[in-house]
Amino acid sequence: MLISLKKNGAEAVVDTAGAQLLSLKDRNGKEYMWQRVPEFWARTSPVLFPAIGNSRGGKTIFEGTWYELSKHGFAKDMEFEAEKTGEGEASFVITDTEETRRRYPYRFSFAMDYKLTEDGILIGYQVENRDLKTMYYCLGAHPGFMCPMEEGERFEDYRLRFETKEDCCGIVYDLDALEFDRKSRGYCLDHTDILPLAYELFDSDAVYFEGLQSKKVSLIHKDTEKGVEVSFADFASVAFWTPAGKRAPFLCVEPWNGSAVCSDEDDEFAHKHDVQILGPGEKKHYGLGIRILGRR
């Protein structure tokens, strides 16, 4: 079921299937979200819970037992219950089921809320451990934005601008081993806040940075500086992705707490980098913002 949110002429659409943000339009009707062309990518902004990326061999260990946990977790494929709380707000929730417990051995509640603002949208995530044991999980966002955003523009006309100048190198995804190789470094930010876009950057899958000082990044046209800003204060790292070799007209900005399996990790889920931990009865909230830049 599609839920439409409207405020001051702006509009967003969220699907109860996966609580996925499908559309974000400004007051002039300009669309910013990728519109699910299957030949490139059939999603728009899936939520990544309780896993990000792949496990080694599609399996991982919880409390000494092997479980099959699908890529990016199962929340993206579940039907959420929706509650519309106002003209420009809505919340969505799932809880564990017999099926989820076959893949992930915890009783939990996972909620998302969306709230339109004057110039964008705020997204909240709340994870609650309803079990009697410590719960481990990863959480990530995966919004895809149109890039280019206007006719006559090119993907290469755009760039990523970080909140502050960074000295950091990306971690390379090993396509043969199907893991992030933490001994291999890719594109480096050398005391700069700018990453010019080129399709070749994504030949080995996502460009993944950890240890950044920045908690905001903007996807903008190099001349007009129109675009979107993503703020992710509650996330440990950020990755960027467009499908390799397809020259797809979109880019995903992906704040992560966790990642796909890394070369220096074993198969214990609790040992993952940036894994999130909740004790029995505890809950935790995370926030993410999308702001439209250069539009009135």
# chains A, B, ... in the order shown; residues from 1 in each chain; ligands from 1
>>> closest_atom_pairs(of="stretch 209-274 of chain A", to="stretch 114-138 of chain A", cutoff="7 Å", atoms="only C-alpha atoms", output="JSON lines")
{"residue": "A:Asn257", "atom": "CA", "partner": "A:Cys138", "partner_atom": "CA", "distance": 5.6}
{"residue": "A:Gly258", "atom": "CA", "partner": "A:Cys138", "partner_atom": "CA", "distance": 5.2}
{"residue": "A:Ala270", "atom": "CA", "partner": "A:Tyr136", "partner_atom": "CA", "distance": 6.0}
>>> write_last_selection(atoms="C-alpha atoms", output="mmCIF file, in the first residue's frame")
data_model
loop_
_atom_site.group_PDB
_atom_site.id
_atom_site.type_symbol
_atom_site.label_atom_id
_atom_site.label_comp_id
_atom_site.auth_asym_id
_atom_site.auth_seq_id
_atom_site.Cartn_x
_atom_site.Cartn_y
_atom_site.Cartn_z
ATOM 1 C CA ASN A 257 26.251 0.874 10.874
ATOM 2 C CA GLY A 258 27.993 -2.306 9.787
ATOM 3 C CA ALA A 270 28.706 -10.300 16.862
#
>>> select_by_dssp(residues="stretch 139-200 of chain A", states="helix (DSSP H, G or I)", output="number ranges by chain")
A: 155-157, 199-200
>>> write_last_selection(atoms="C-alpha atoms", output="CSV table (one decimal), in the first residue's frame")
chain,number,residue,atom,x,y,z
A,155,PHE,CA,26.5,11.8,-14.5
A,156,GLU,CA,30.0,13.2,-14.6
A,157,ASP,CA,28.7,16.7,-14.1
A,199,TYR,CA,31.2,5.6,-13.5
A,200,GLU,CA,34.7,4.0,-13.3
>>> residues_around(residues="A:Gly58", least_positions_apart="2", cutoff="9 Å", atoms="only C-alpha atoms", output="list in words")
Asn54, Ser55, Arg56, Thr60, Tyr67, Glu68, Leu69, Ser70 and Lys71 of chain A
>>> write_last_selection(atoms="C-alpha atoms", output="compact mmCIF listing (two decimals), in the first residue's frame")
# COMPACT_ATOMS: atom_id res chain seq x y z
CA ASN A 54 26.36 -10.21 2.19
CA SER A 55 27.58 -12.71 4.73
CA ARG A 56 30.32 -15.16 3.81
CA THR A 60 26.52 -16.29 9.64
CA TYR A 67 21.83 -19.07 10.12
CA GLU A 68 21.12 -18.19 6.51
CA LEU A 69 20.81 -14.41 6.41
CA SER A 70 20.07 -12.89 3.02
CA LYS A 71 21.93 -9.92 1.55
>>> closest_atom_pairs(of="stretch 73-181 of chain A", to="stretch 12-34 of chain A", cutoff="9 Å", atoms="only C-alpha atoms", output="Markdown table")
| residue | atom | partner | partner_atom | distance |
| --- | --- | --- | --- | --- |
| A:Phe74 | CA | A:Gly18 | CA | 8.8 |
| A:Ala75 | CA | A:Gly18 | CA | 6.0 |
| A:Lys76 | CA | A:Gly18 | CA | 4.2 |
| A:Asp77 | CA | A:Gly18 | CA | 5.3 |
| A:Met78 | CA | A:Gly18 | CA | 5.3 |
| A:Glu79 | CA | A:Ala17 | CA | 4.5 |
| A:Phe80 | CA | A:Thr16 | CA | 5.1 |
| A:Glu81 | CA | A:Thr16 | CA | 6.8 |
| A:Ala82 | CA | A:Thr16 | CA | 6.6 |
| A:Gly88 | CA | A:Ala12 | CA | 8.3 |
| A:Ala90 | CA | A:Val14 | CA | 8.8 |
| A:Ser91 | CA | A:Ala19 | CA | 8.8 |
| A:Phe92 | CA | A:Ala19 | CA | 6.4 |
| A:Val93 | CA | A:Ala19 | CA | 8.2 |
| A:Met112 | CA | A:Ala19 | CA | 7.3 |
| A:Asp113 | CA | A:Ala19 | CA | 8.9 |
| A:Tyr114 | CA | A:Val14 | CA | 8.5 |
| A:Leu116 | CA | A:Ala12 | CA | 7.5 |
| A:Asp119 | CA | A:Asp26 | CA | 7.6 |
| A:Gly120 | CA | A:Asp26 | CA | 7.7 |
| A:Ile121 | CA | A:Leu24 | CA | 8.1 |
| A:Pro143 | CA | A:Met33 | CA | 7.5 |
| A:Gly144 | CA | A:Trp34 | CA | 5.3 |
| A:Phe145 | CA | A:Met33 | CA | 4.5 |
| A:Met146 | CA | A:Trp34 | CA | 5.0 |
| A:Cys147 | CA | A:Trp34 | CA | 8.4 |
| A:Met149 | CA | A:Tyr32 | CA | 7.2 |
>>> residues_around(residues="A:Glu166", least_positions_apart="5", cutoff="10 Å", atoms="only C-alpha atoms", output="CSV table (one decimal) with C-alpha atoms, in the first residue's frame")
chain,number,residue,atom,x,y,z
A,188,CYS,CA,41.5,8.5,-1.6
A,189,LEU,CA,40.3,11.8,-0.4
A,190,ASP,CA,43.5,13.8,0.0
A,191,HIS,CA,42.6,16.8,2.2
A,192,THR,CA,39.6,17.6,0.1
A,193,ASP,CA,35.8,17.7,0.5
A,194,ILE,CA,35.1,17.0,-3.1
A,211,GLY,CA,36.4,7.0,9.7
A,212,LEU,CA,35.1,10.2,8.1
A,213,GLN,CA,34.8,13.4,10.1
A,214,SER,CA,31.8,14.4,8.0
>>> atom_distance(atom1="atom CA of A:Ala10", atom2="atom CA of A:Trp41")
25.3 Å
>>> residues_around(residues="A:Leu139", least_positions_apart="2", cutoff="9 Å", atoms="only C-alpha atoms", output="PyMOL selection string")
chain A and resi 47-52+72+125+137+141+235+255-259+275-276
>>> residues_around(residues="A:Ser218", least_positions_apart="3", cutoff="6 Å", atoms="only C-alpha atoms", output="CSV table (one decimal) with C-alpha atoms, in the first residue's frame")
chain,number,residue,atom,x,y,z
A,160,LEU,CA,30.0,14.6,-3.8
A,161,ARG,CA,30.8,17.4,-1.4
A,228,VAL,CA,20.5,16.9,-2.3
A,229,GLU,CA,22.2,16.7,1.0
>>> atom_distance(atom1="atom CA of A:Lys215", atom2="atom CA of A:Leu5")
26.4 Å
>>> atom_distance(atom1="atom CA of A:Tyr173", atom2="atom CA of A:Ala206")
7.2 Å
>>> closest_residue(among="A:Phe62, A:Phe240, A:Phe232, A:Phe250", to="A:Pro148", atoms="only C-alpha atoms")
A:Phe250
>>> closest_residue(among="A:Cys168, A:Ala177, A:Ala248, A:Ile277", to="A:Glu39", atoms="only C-alpha atoms")
A:Ala248
>>> select_by_dssp(residues="stretch 170-289 of chain A", states="strand (DSSP E)", output="JSON, numbers by chain")
{"A": [170, 171, 172, 173, 174, 179, 180, 181, 182, 183, 184, 185, 186, 187, 188, 189, 190, 191, 192, 193, 194, 195, 196, 207, 208, 209, 210, 216, 217, 218, 219, 220, 221, 227, 228, 229, 230, 231, 237, 238, 239, 240, 241, 250, 251, 252, 253, 254, 255, 256, 257, 276, 277, 278, 283, 284, 285, 286, 287, 288, 289]}
>>> residues_around(residues="A:Lys222", least_positions_apart="6", cutoff="9 Å", atoms="only C-alpha atoms", output="list in words")
Asp157, Tyr158, Arg159 and Pro196 of chain A
>>> closest_residue(among="A:Ser231, A:Ser184, A:Ser237, A:Thr85", to="A:Phe209", atoms="only C-alpha atoms")
A:Ser237
